[in-house]
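Structure data (compact mmCIF, N, CA and C atoms) from model-v5.txt:
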```txt
# COMPACT_ATOMS: atom_id res chain seq x y z
N MET I 195 -8.28 7.27 -11.77
CA MET I 195 -8.32 6.17 -10.84
C MET I 195 -8.32 6.71 -9.41
N THR I 196 -9.13 6.07 -8.58
CA THR I 196 -9.25 6.50 -7.19
C THR I 196 -9.19 5.28 -6.27
N LEU I 197 -8.36 5.36 -5.26
CA LEU I 197 -8.31 4.35 -4.20
C LEU I 197 -9.14 4.89 -3.05
N VAL I 198 -10.20 4.17 -2.69
CA VAL I 198 -11.10 4.59 -1.60
C VAL I 198 -10.79 3.73 -0.39
N ILE I 199 -10.48 4.39 0.72
CA ILE I 199 -10.10 3.67 1.93
C ILE I 199 -10.71 4.37 3.14
N GLU I 200 -11.17 3.57 4.10
CA GLU I 200 -11.79 4.13 5.30
C GLU I 200 -10.73 4.68 6.25
N THR I 201 -11.15 5.67 7.04
CA THR I 201 -10.27 6.30 8.02
C THR I 201 -9.64 5.26 8.94
N SER I 202 -10.44 4.31 9.42
CA SER I 202 -9.92 3.30 10.35
C SER I 202 -8.85 2.43 9.70
N GLN I 203 -8.99 2.18 8.40
CA GLN I 203 -7.99 1.38 7.69
C GLN I 203 -6.69 2.16 7.53
N MET I 204 -6.80 3.46 7.26
CA MET I 204 -5.60 4.30 7.17
C MET I 204 -4.89 4.35 8.52
N LEU I 205 -5.66 4.46 9.58
CA LEU I 205 -5.05 4.47 10.91
C LEU I 205 -4.36 3.16 11.21
N ARG I 206 -4.92 2.06 10.75
CA ARG I 206 -4.28 0.76 10.95
C ARG I 206 -2.93 0.71 10.23
N ILE I 207 -2.88 1.23 9.01
CA ILE I 207 -1.62 1.26 8.25
C ILE I 207 -0.61 2.16 8.97
N GLU I 208 -1.06 3.31 9.46
CA GLU I 208 -0.16 4.21 10.18
C GLU I 208 0.40 3.55 11.44
N ARG I 209 -0.46 2.84 12.18
CA ARG I 209 0.01 2.13 13.38
C ARG I 209 1.02 1.05 13.01
N HIS I 210 0.79 0.36 11.89
CA HIS I 210 1.73 -0.65 11.42
C HIS I 210 3.09 0.01 11.14
N ALA I 211 3.05 1.16 10.48
CA ALA I 211 4.29 1.89 10.19
C ALA I 211 4.98 2.33 11.48
N GLU I 212 4.21 2.80 12.45
CA GLU I 212 4.79 3.22 13.73
C GLU I 212 5.50 2.05 14.41
N ARG I 213 4.85 0.88 14.44
CA ARG I 213 5.44 -0.31 15.07
C ARG I 213 6.70 -0.76 14.35
N SER I 214 6.77 -0.50 13.05
CA SER I 214 7.93 -0.94 12.26
C SER I 214 9.14 -0.03 12.44
N GLY I 215 8.93 1.12 13.05
CA GLY I 215 10.04 2.03 13.32
C GLY I 215 10.74 2.49 12.05
N ARG I 216 12.04 2.26 11.98
CA ARG I 216 12.82 2.72 10.82
C ARG I 216 12.81 1.74 9.66
N GLU I 217 12.13 0.62 9.82
CA GLU I 217 12.00 -0.35 8.72
C GLU I 217 10.69 -0.08 7.98
N GLU I 218 10.70 -0.34 6.68
CA GLU I 218 9.47 -0.21 5.91
C GLU I 218 8.50 -1.30 6.33
N CYS I 219 7.25 -0.92 6.54
CA CYS I 219 6.21 -1.91 6.76
C CYS I 219 5.56 -2.18 5.40
N CYS I 220 4.79 -3.26 5.32
CA CYS I 220 4.15 -3.59 4.05
C CYS I 220 2.90 -4.42 4.29
N GLY I 221 2.04 -4.44 3.29
CA GLY I 221 0.82 -5.21 3.40
C GLY I 221 0.01 -5.17 2.12
N VAL I 222 -1.17 -5.77 2.21
CA VAL I 222 -2.03 -5.97 1.05
C VAL I 222 -3.35 -5.25 1.27
N LEU I 223 -3.87 -4.66 0.20
CA LEU I 223 -5.16 -3.97 0.22
C LEU I 223 -6.16 -4.85 -0.53
N VAL I 224 -7.17 -5.34 0.18
CA VAL I 224 -8.18 -6.23 -0.41
C VAL I 224 -9.47 -5.45 -0.55
N GLY I 225 -10.19 -5.68 -1.64
CA GLY I 225 -11.46 -4.99 -1.83
C GLY I 225 -12.10 -5.34 -3.15
N SER I 226 -12.63 -4.31 -3.81
CA SER I 226 -13.30 -4.52 -5.08
C SER I 226 -13.12 -3.29 -5.95
N SER I 227 -13.34 -3.48 -7.23
CA SER I 227 -13.21 -2.36 -8.15
C SER I 227 -14.49 -2.21 -8.96
N VAL I 228 -14.87 -0.97 -9.16
CA VAL I 228 -15.99 -0.63 -10.03
C VAL I 228 -15.52 0.52 -10.89
N GLY I 229 -15.39 0.25 -12.17
CA GLY I 229 -14.88 1.29 -13.06
C GLY I 229 -13.48 1.70 -12.66
N LYS I 230 -13.32 2.97 -12.36
CA LYS I 230 -12.00 3.49 -11.99
C LYS I 230 -11.87 3.74 -10.50
N ARG I 231 -12.75 3.12 -9.71
CA ARG I 231 -12.70 3.25 -8.25
C ARG I 231 -12.35 1.89 -7.65
N PHE I 232 -11.35 1.90 -6.77
CA PHE I 232 -10.88 0.70 -6.10
C PHE I 232 -11.13 0.89 -4.61
N ARG I 233 -12.11 0.17 -4.09
CA ARG I 233 -12.51 0.34 -2.69
C ARG I 233 -11.86 -0.73 -1.83
N VAL I 234 -11.16 -0.29 -0.80
CA VAL I 234 -10.49 -1.21 0.13
C VAL I 234 -11.50 -1.64 1.18
N SER I 235 -11.68 -2.97 1.32
CA SER I 235 -12.57 -3.49 2.36
C SER I 235 -11.78 -4.04 3.54
N SER I 236 -10.52 -4.40 3.31
CA SER I 236 -9.67 -4.84 4.43
C SER I 236 -8.20 -4.61 4.13
N VAL I 237 -7.48 -4.36 5.19
CA VAL I 237 -6.03 -4.16 5.14
C VAL I 237 -5.40 -5.39 5.79
N VAL I 238 -4.50 -6.04 5.06
CA VAL I 238 -3.84 -7.24 5.58
C VAL I 238 -2.36 -6.91 5.81
N GLU I 239 -1.98 -6.85 7.07
CA GLU I 239 -0.58 -6.57 7.39
C GLU I 239 0.26 -7.78 7.04
N ALA I 240 1.48 -7.53 6.58
CA ALA I 240 2.41 -8.61 6.25
C ALA I 240 3.77 -8.30 6.87
N GLU I 241 4.56 -9.32 7.02
CA GLU I 241 5.91 -9.14 7.53
C GLU I 241 6.82 -8.74 6.37
N ASN I 242 7.70 -7.79 6.63
CA ASN I 242 8.72 -7.42 5.67
C ASN I 242 9.85 -8.44 5.82
N VAL I 243 10.00 -9.31 4.82
CA VAL I 243 10.99 -10.38 4.91
C VAL I 243 12.23 -10.10 4.05
N TYR I 244 12.38 -8.85 3.61
CA TYR I 244 13.57 -8.51 2.83
C TYR I 244 14.81 -8.82 3.65
N GLU I 245 15.80 -9.42 3.03
CA GLU I 245 16.99 -9.88 3.77
C GLU I 245 18.09 -8.84 3.89
N GLY I 246 17.89 -7.67 3.30
CA GLY I 246 18.90 -6.61 3.39
C GLY I 246 18.42 -5.48 4.28
N ASP I 247 18.78 -4.27 3.91
CA ASP I 247 18.44 -3.07 4.66
C ASP I 247 16.95 -2.76 4.49
N ARG I 248 16.17 -3.00 5.52
CA ARG I 248 14.72 -2.82 5.45
C ARG I 248 14.29 -1.37 5.63
N SER I 249 15.24 -0.47 5.82
CA SER I 249 14.87 0.93 5.96
C SER I 249 14.52 1.56 4.61
N CYS I 250 14.89 0.88 3.53
CA CYS I 250 14.63 1.45 2.21
C CYS I 250 14.13 0.40 1.20
N ARG I 251 13.68 -0.73 1.71
CA ARG I 251 13.22 -1.79 0.80
C ARG I 251 12.35 -2.76 1.59
N TYR I 252 11.41 -3.36 0.88
CA TYR I 252 10.55 -4.36 1.52
C TYR I 252 10.29 -5.52 0.57
N THR I 253 9.97 -6.64 1.15
CA THR I 253 9.45 -7.80 0.42
C THR I 253 8.31 -8.35 1.27
N ILE I 254 7.13 -8.42 0.67
CA ILE I 254 5.99 -8.98 1.39
C ILE I 254 6.21 -10.48 1.53
N ASP I 255 5.99 -11.00 2.72
CA ASP I 255 6.13 -12.43 2.98
C ASP I 255 5.33 -13.21 1.92
N PRO I 256 6.01 -14.03 1.09
CA PRO I 256 5.33 -14.71 -0.02
C PRO I 256 4.17 -15.61 0.42
N GLN I 257 4.31 -16.30 1.55
CA GLN I 257 3.22 -17.17 2.00
C GLN I 257 1.99 -16.34 2.38
N ARG I 258 2.23 -15.21 3.04
CA ARG I 258 1.12 -14.32 3.41
C ARG I 258 0.44 -13.78 2.16
N LEU I 259 1.24 -13.47 1.14
CA LEU I 259 0.71 -12.94 -0.10
C LEU I 259 -0.18 -13.97 -0.80
N LEU I 260 0.30 -15.20 -0.92
CA LEU I 260 -0.49 -16.26 -1.56
C LEU I 260 -1.79 -16.52 -0.79
N THR I 261 -1.68 -16.60 0.52
CA THR I 261 -2.87 -16.85 1.36
C THR I 261 -3.88 -15.72 1.20
N THR I 262 -3.41 -14.49 1.18
CA THR I 262 -4.30 -13.33 1.04
C THR I 262 -5.01 -13.34 -0.30
N HIS I 263 -4.28 -13.64 -1.38
CA HIS I 263 -4.92 -13.72 -2.70
C HIS I 263 -6.00 -14.80 -2.71
N ARG I 264 -5.71 -15.96 -2.15
CA ARG I 264 -6.67 -17.06 -2.12
C ARG I 264 -7.90 -16.68 -1.30
N GLN I 265 -7.69 -16.13 -0.11
CA GLN I 265 -8.80 -15.75 0.76
C GLN I 265 -9.65 -14.65 0.12
N ALA I 266 -9.02 -13.73 -0.58
CA ALA I 266 -9.77 -12.66 -1.25
C ALA I 266 -10.68 -13.25 -2.32
N ARG I 267 -10.14 -14.15 -3.14
CA ARG I 267 -10.97 -14.80 -4.18
C ARG I 267 -12.14 -15.56 -3.57
N GLU I 268 -11.86 -16.31 -2.52
CA GLU I 268 -12.91 -17.10 -1.85
C GLU I 268 -14.01 -16.21 -1.28
N ALA I 269 -13.66 -15.00 -0.89
CA ALA I 269 -14.63 -14.06 -0.33
C ALA I 269 -15.31 -13.20 -1.41
N GLY I 270 -14.97 -13.44 -2.67
CA GLY I 270 -15.55 -12.65 -3.75
C GLY I 270 -14.93 -11.29 -3.90
N CYS I 271 -13.72 -11.13 -3.38
CA CYS I 271 -13.00 -9.86 -3.46
C CYS I 271 -11.77 -10.02 -4.35
N GLU I 272 -10.94 -9.01 -4.37
CA GLU I 272 -9.70 -9.06 -5.12
C GLU I 272 -8.64 -8.24 -4.39
N VAL I 273 -7.41 -8.48 -4.73
CA VAL I 273 -6.33 -7.62 -4.23
C VAL I 273 -6.33 -6.38 -5.11
N VAL I 274 -6.62 -5.23 -4.49
CA VAL I 274 -6.69 -3.99 -5.26
C VAL I 274 -5.39 -3.20 -5.20
N GLY I 275 -4.45 -3.66 -4.39
CA GLY I 275 -3.15 -2.99 -4.32
C GLY I 275 -2.36 -3.45 -3.11
N TYR I 276 -1.25 -2.77 -2.92
CA TYR I 276 -0.33 -3.07 -1.82
C TYR I 276 0.01 -1.76 -1.14
N TYR I 277 0.54 -1.84 0.07
CA TYR I 277 0.99 -0.62 0.73
C TYR I 277 2.36 -0.87 1.34
N HIS I 278 3.08 0.22 1.52
CA HIS I 278 4.32 0.18 2.30
C HIS I 278 4.63 1.58 2.80
N SER I 279 5.56 1.64 3.73
CA SER I 279 5.90 2.93 4.33
C SER I 279 7.29 3.39 3.88
N HIS I 280 7.45 4.68 3.92
CA HIS I 280 8.76 5.32 3.80
C HIS I 280 8.97 6.01 5.14
N PRO I 281 9.63 5.33 6.08
CA PRO I 281 9.68 5.83 7.46
C PRO I 281 10.36 7.18 7.64
N GLU I 282 11.23 7.55 6.73
CA GLU I 282 11.96 8.80 6.92
C GLU I 282 11.96 9.67 5.67
N SER I 283 10.95 9.47 4.81
CA SER I 283 10.88 10.30 3.60
C SER I 283 9.44 10.43 3.12
N ARG I 284 9.27 11.25 2.15
CA ARG I 284 7.95 11.52 1.58
C ARG I 284 7.39 10.28 0.88
N PRO I 285 6.08 10.22 0.71
CA PRO I 285 5.44 9.07 0.08
C PRO I 285 5.48 9.12 -1.45
N GLU I 286 6.68 9.16 -1.96
CA GLU I 286 6.90 9.19 -3.41
C GLU I 286 7.72 7.97 -3.78
N PRO I 287 7.43 7.36 -4.93
CA PRO I 287 8.15 6.14 -5.31
C PRO I 287 9.66 6.37 -5.40
N SER I 288 10.39 5.42 -4.87
CA SER I 288 11.85 5.46 -4.91
C SER I 288 12.34 4.68 -6.12
N GLY I 289 13.64 4.71 -6.34
CA GLY I 289 14.24 3.89 -7.38
C GLY I 289 14.00 2.42 -7.13
N GLU I 290 14.04 2.01 -5.87
CA GLU I 290 13.75 0.61 -5.52
C GLU I 290 12.30 0.26 -5.87
N ASP I 291 11.39 1.19 -5.58
CA ASP I 291 9.98 0.95 -5.92
C ASP I 291 9.83 0.77 -7.42
N ALA I 292 10.48 1.60 -8.20
CA ALA I 292 10.39 1.49 -9.66
C ALA I 292 10.99 0.19 -10.17
N ALA I 293 12.08 -0.24 -9.57
CA ALA I 293 12.75 -1.46 -10.03
C ALA I 293 11.91 -2.71 -9.79
N HIS I 294 10.97 -2.64 -8.84
CA HIS I 294 10.18 -3.82 -8.49
C HIS I 294 8.68 -3.64 -8.72
N ALA I 295 8.30 -2.61 -9.47
CA ALA I 295 6.88 -2.32 -9.71
C ALA I 295 6.29 -3.26 -10.76
N TRP I 296 4.99 -3.49 -10.62
CA TRP I 296 4.24 -4.29 -11.59
C TRP I 296 3.27 -3.36 -12.30
N PRO I 297 3.17 -3.46 -13.62
CA PRO I 297 2.25 -2.57 -14.36
C PRO I 297 0.81 -2.69 -13.87
N GLY I 298 0.18 -1.53 -13.69
CA GLY I 298 -1.22 -1.48 -13.34
C GLY I 298 -1.56 -1.76 -11.89
N ILE I 299 -0.58 -2.06 -11.05
CA ILE I 299 -0.85 -2.37 -9.64
C ILE I 299 -0.74 -1.09 -8.82
N ARG I 300 -1.75 -0.85 -8.00
CA ARG I 300 -1.72 0.32 -7.13
C ARG I 300 -0.82 0.06 -5.92
N CYS I 301 -0.08 1.10 -5.56
CA CYS I 301 0.80 1.02 -4.40
C CYS I 301 0.55 2.26 -3.54
N LEU I 302 -0.02 2.03 -2.37
CA LEU I 302 -0.24 3.12 -1.42
C LEU I 302 1.03 3.25 -0.60
N ILE I 303 1.62 4.42 -0.63
CA ILE I 303 2.85 4.68 0.14
C ILE I 303 2.51 5.71 1.20
N ILE I 304 2.87 5.40 2.44
CA ILE I 304 2.75 6.42 3.48
C ILE I 304 4.16 6.82 3.88
N GLY I 305 4.35 8.12 4.02
CA GLY I 305 5.66 8.64 4.37
C GLY I 305 5.55 9.71 5.42
N ARG I 306 6.67 9.97 6.06
CA ARG I 306 6.72 10.99 7.11
C ARG I 306 7.01 12.34 6.49
N THR I 307 6.25 13.32 6.94
CA THR I 307 6.56 14.71 6.61
C THR I 307 6.75 15.44 7.93
N ALA I 308 7.67 16.34 7.97
CA ALA I 308 8.01 17.02 9.23
C ALA I 308 6.81 17.71 9.84
N ALA I 309 6.04 18.40 9.03
CA ALA I 309 4.95 19.22 9.56
C ALA I 309 3.68 18.42 9.84
N GLN I 310 3.39 17.39 9.04
CA GLN I 310 2.08 16.76 9.10
C GLN I 310 2.07 15.35 9.67
N GLY I 311 3.19 14.76 9.97
CA GLY I 311 3.20 13.36 10.39
C GLY I 311 3.12 12.46 9.16
N TRP I 312 2.21 11.50 9.16
CA TRP I 312 2.08 10.58 8.03
C TRP I 312 1.25 11.20 6.92
N GLU I 313 1.69 10.98 5.70
CA GLU I 313 0.97 11.41 4.50
C GLU I 313 0.85 10.20 3.59
N ALA I 314 -0.30 10.01 2.96
CA ALA I 314 -0.53 8.87 2.07
C ALA I 314 -0.74 9.34 0.64
N ARG I 315 -0.08 8.64 -0.29
CA ARG I 315 -0.26 8.89 -1.72
C ARG I 315 -0.28 7.54 -2.43
N CYS I 316 -1.03 7.47 -3.51
CA CYS I 316 -1.17 6.22 -4.24
C CYS I 316 -0.58 6.36 -5.63
N TRP I 317 0.09 5.30 -6.08
CA TRP I 317 0.79 5.32 -7.36
C TRP I 317 0.53 4.02 -8.11
N SER I 318 0.55 4.10 -9.44
CA SER I 318 0.54 2.88 -10.24
C SER I 318 1.63 3.00 -11.30
N TRP I 319 2.24 1.87 -11.58
CA TRP I 319 3.35 1.81 -12.53
C TRP I 319 2.76 1.66 -13.92
N SER I 320 3.17 2.52 -14.83
CA SER I 320 2.67 2.45 -16.20
C SER I 320 3.75 2.05 -17.18
N GLY I 321 4.80 1.43 -16.69
CA GLY I 321 5.87 0.95 -17.57
C GLY I 321 6.82 2.06 -17.96
N GLY I 322 7.00 2.24 -19.25
CA GLY I 322 7.99 3.17 -19.78
C GLY I 322 7.83 4.60 -19.31
N SER I 323 6.60 5.01 -19.00
CA SER I 323 6.41 6.40 -18.58
C SER I 323 6.48 6.56 -17.06
N GLY I 324 6.80 5.48 -16.35
CA GLY I 324 7.03 5.58 -14.91
C GLY I 324 5.75 5.48 -14.09
N PHE I 325 5.78 6.10 -12.91
CA PHE I 325 4.64 6.06 -12.01
C PHE I 325 3.64 7.15 -12.35
N ARG I 326 2.38 6.81 -12.16
CA ARG I 326 1.29 7.78 -12.32
C ARG I 326 0.59 7.87 -10.96
N GLU I 327 0.41 9.09 -10.47
CA GLU I 327 -0.26 9.24 -9.19
C GLU I 327 -1.76 9.05 -9.36
N GLU I 328 -2.37 8.38 -8.39
CA GLU I 328 -3.80 8.18 -8.37
C GLU I 328 -4.38 8.87 -7.14
N ARG I 329 -5.62 9.19 -7.21
CA ARG I 329 -6.31 9.89 -6.12
C ARG I 329 -6.54 8.94 -4.95
N VAL I 330 -6.37 9.45 -3.72
CA VAL I 330 -6.71 8.70 -2.52
C VAL I 330 -7.90 9.41 -1.87
N GLU I 331 -8.97 8.66 -1.66
CA GLU I 331 -10.17 9.22 -1.02
C GLU I 331 -10.35 8.50 0.31
N ILE I 332 -10.20 9.24 1.40
CA ILE I 332 -10.36 8.66 2.73
C ILE I 332 -11.77 9.00 3.19
N VAL I 333 -12.53 7.94 3.52
CA VAL I 333 -13.94 8.11 3.85
C VAL I 333 -14.24 7.60 5.26
N ASP I 334 -15.32 8.10 5.84
CA ASP I 334 -15.80 7.59 7.12
C ASP I 334 -16.32 6.17 6.90
N GLU I 335 -16.45 5.41 7.94
CA GLU I 335 -16.91 4.03 7.84
C GLU I 335 -18.26 3.95 7.14
N ALA I 336 -19.09 4.94 7.30
CA ALA I 336 -20.40 4.93 6.66
C ALA I 336 -20.31 5.36 5.21
N GLY I 337 -19.14 5.94 4.78
CA GLY I 337 -19.01 6.50 3.44
C GLY I 337 -18.64 5.50 2.47
```

Turn the structure described in the file into structure tokens.
Amino acid sequence: MTLVIETSQMLRIERHAERSGREECCGVLVGSSVGKRFRVSSVVEAENVYEGDRSCRYTIDPQRLLTTHRQAREAGCEVVGYYHSHPESRPEPSGEDAAHAWPGIRCLIIGRTAAQGWEARCWSWSGGSGFREERVEIVDEAG
């Protein structure tokens, strides 16, 4: 499985994470799938409405989520996954991520690394065997 995302979309997610500071940012990845490739055509930022410590947990605003799903269907697209940030750790699923994961749904996590700044990795929950990492392909707008 491969998540294909344009450079400009990755930069948008990184800027969202920067604006969120020490709180996790979150959003929706809209696009289409062909075989084992999931191409992102738009990134929809959402508010993290989690009522507790947002530095290690997020909840996508439910109204934004419903609206995004409806708009994607109307446009002939689909929700191909979700994204969130780990503001002070690597982009690897946490225990919180595992506790709230949905089978087969891609989750792009961006995390801070000391040497490189933001790093992006994509994961899907496979149930009993945990998370499976998926390939992230960052392409130019023409790609």

Inset, instruction - Please identify all polymer residues within 6 Å of segment 262-276 of chain I, counting only N, CA and C atoms, omitting same-chain residues fewer than 6 positions from it, and present them as a PyMOL selection string. - result: chain I and resi 221-226+299-302

Inset, instruction - Within segment 229-318 of chain I, find each residue whose DSSP state, derived from the backbone, is strand (DSSP E or B), and express the selection as a PyMOL selection string. - result: chain I and resi 231-240+242+254+272-280+297+300-307+311-318

Inset, instruction - Pull the neighbourhood of (0.4, -10.6, 4.4) for me: all residues within 7 Å in file coordinates, counting only N, CA and C atoms, as number ranges by chain. - result: I: 220-222, 238-241, 254-255, 257-259, 262

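Proximity of I:Asp247, I:Arg231, I:Ala211, I:Glu335 to His280 of chain I, computed with all atoms listed in the file, is greatest for I:Ala211.
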
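Taking atom CA of Arg209 of chain I as the reference point, atom CA of Thr253 of chain I is found at 18.9 Å.
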
Legend entry - Of the listed residues I:Ser235, I:Thr261, I:Ser249, I:Ser202, that which approaches Asp334 of chain I most closely, counting only N, CA and C atoms: I:Ser202

Inset, instruction - Would you work out the distance separating atom CA of His278 of chain I from atom CA of Cys219 of chain I, expressed in Å to one decimal? - result: 5.3 Å

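Going from atom C of Gln310 of chain I to atom C of Pro287 of chain I covers 19.1 Å.
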
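Those residues positioned at most 7 Å from (11.8, 0.8, -0.5) are Glu218, Cys250, Arg251, Tyr252, His280, Ser288, Glu290 and Asp291 of chain I, judged using only C-alpha atoms.
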
Residues flagged helix (DSSP H, G or I) by DSSP in segment 242-298 of chain I, as a tab-separated table (two decimals) with N, CA and C atoms, in the coordinates of the input:
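Generated file (selection-v5.tsv):
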```tsv
chain	number	residue	atom	x	y	z
I	256	PRO	N	6.01	-14.03	1.09
I	256	PRO	CA	5.33	-14.71	-0.02
I	256	PRO	C	4.17	-15.61	0.42
I	257	GLN	N	4.31	-16.30	1.55
I	257	GLN	CA	3.22	-17.17	2.00
I	257	GLN	C	1.99	-16.34	2.38
I	258	ARG	N	2.23	-15.21	3.04
I	258	ARG	CA	1.12	-14.32	3.41
I	258	ARG	C	0.44	-13.78	2.16
I	259	LEU	N	1.24	-13.47	1.14
I	259	LEU	CA	0.71	-12.94	-0.10
I	259	LEU	C	-0.18	-13.97	-0.80
I	260	LEU	N	0.30	-15.20	-0.92
I	260	LEU	CA	-0.49	-16.26	-1.56
I	260	LEU	C	-1.79	-16.52	-0.79
I	261	THR	N	-1.68	-16.60	0.52
I	261	THR	CA	-2.87	-16.85	1.36
I	261	THR	C	-3.88	-15.72	1.20
I	262	THR	N	-3.41	-14.49	1.18
I	262	THR	CA	-4.30	-13.33	1.04
I	262	THR	C	-5.01	-13.34	-0.30
I	263	HIS	N	-4.28	-13.64	-1.38
I	263	HIS	CA	-4.92	-13.72	-2.70
I	263	HIS	C	-6.00	-14.80	-2.71
I	264	ARG	N	-5.71	-15.96	-2.15
I	264	ARG	CA	-6.67	-17.06	-2.12
I	264	ARG	C	-7.90	-16.68	-1.30
I	265	GLN	N	-7.69	-16.13	-0.11
I	265	GLN	CA	-8.80	-15.75	0.76
I	265	GLN	C	-9.65	-14.65	0.12
I	266	ALA	N	-9.02	-13.73	-0.58
I	266	ALA	CA	-9.77	-12.66	-1.25
I	266	ALA	C	-10.68	-13.25	-2.32
I	267	ARG	N	-10.14	-14.15	-3.14
I	267	ARG	CA	-10.97	-14.80	-4.18
I	267	ARG	C	-12.14	-15.56	-3.57
I	268	GLU	N	-11.86	-16.31	-2.52
I	268	GLU	CA	-12.91	-17.10	-1.85
I	268	GLU	C	-14.01	-16.21	-1.28
I	289	GLY	N	13.64	4.71	-6.34
I	289	GLY	CA	14.24	3.89	-7.38
I	289	GLY	C	14.00	2.42	-7.13
I	290	GLU	N	14.04	2.01	-5.87
I	290	GLU	CA	13.75	0.61	-5.52
I	290	GLU	C	12.30	0.26	-5.87
I	291	ASP	N	11.39	1.19	-5.58
I	291	ASP	CA	9.98	0.95	-5.92
I	291	ASP	C	9.83	0.77	-7.42
I	292	ALA	N	10.48	1.60	-8.20
I	292	ALA	CA	10.39	1.49	-9.66
I	292	ALA	C	10.99	0.19	-10.17
I	293	ALA	N	12.08	-0.24	-9.57
I	293	ALA	CA	12.75	-1.46	-10.03
I	293	ALA	C	11.91	-2.71	-9.79
```
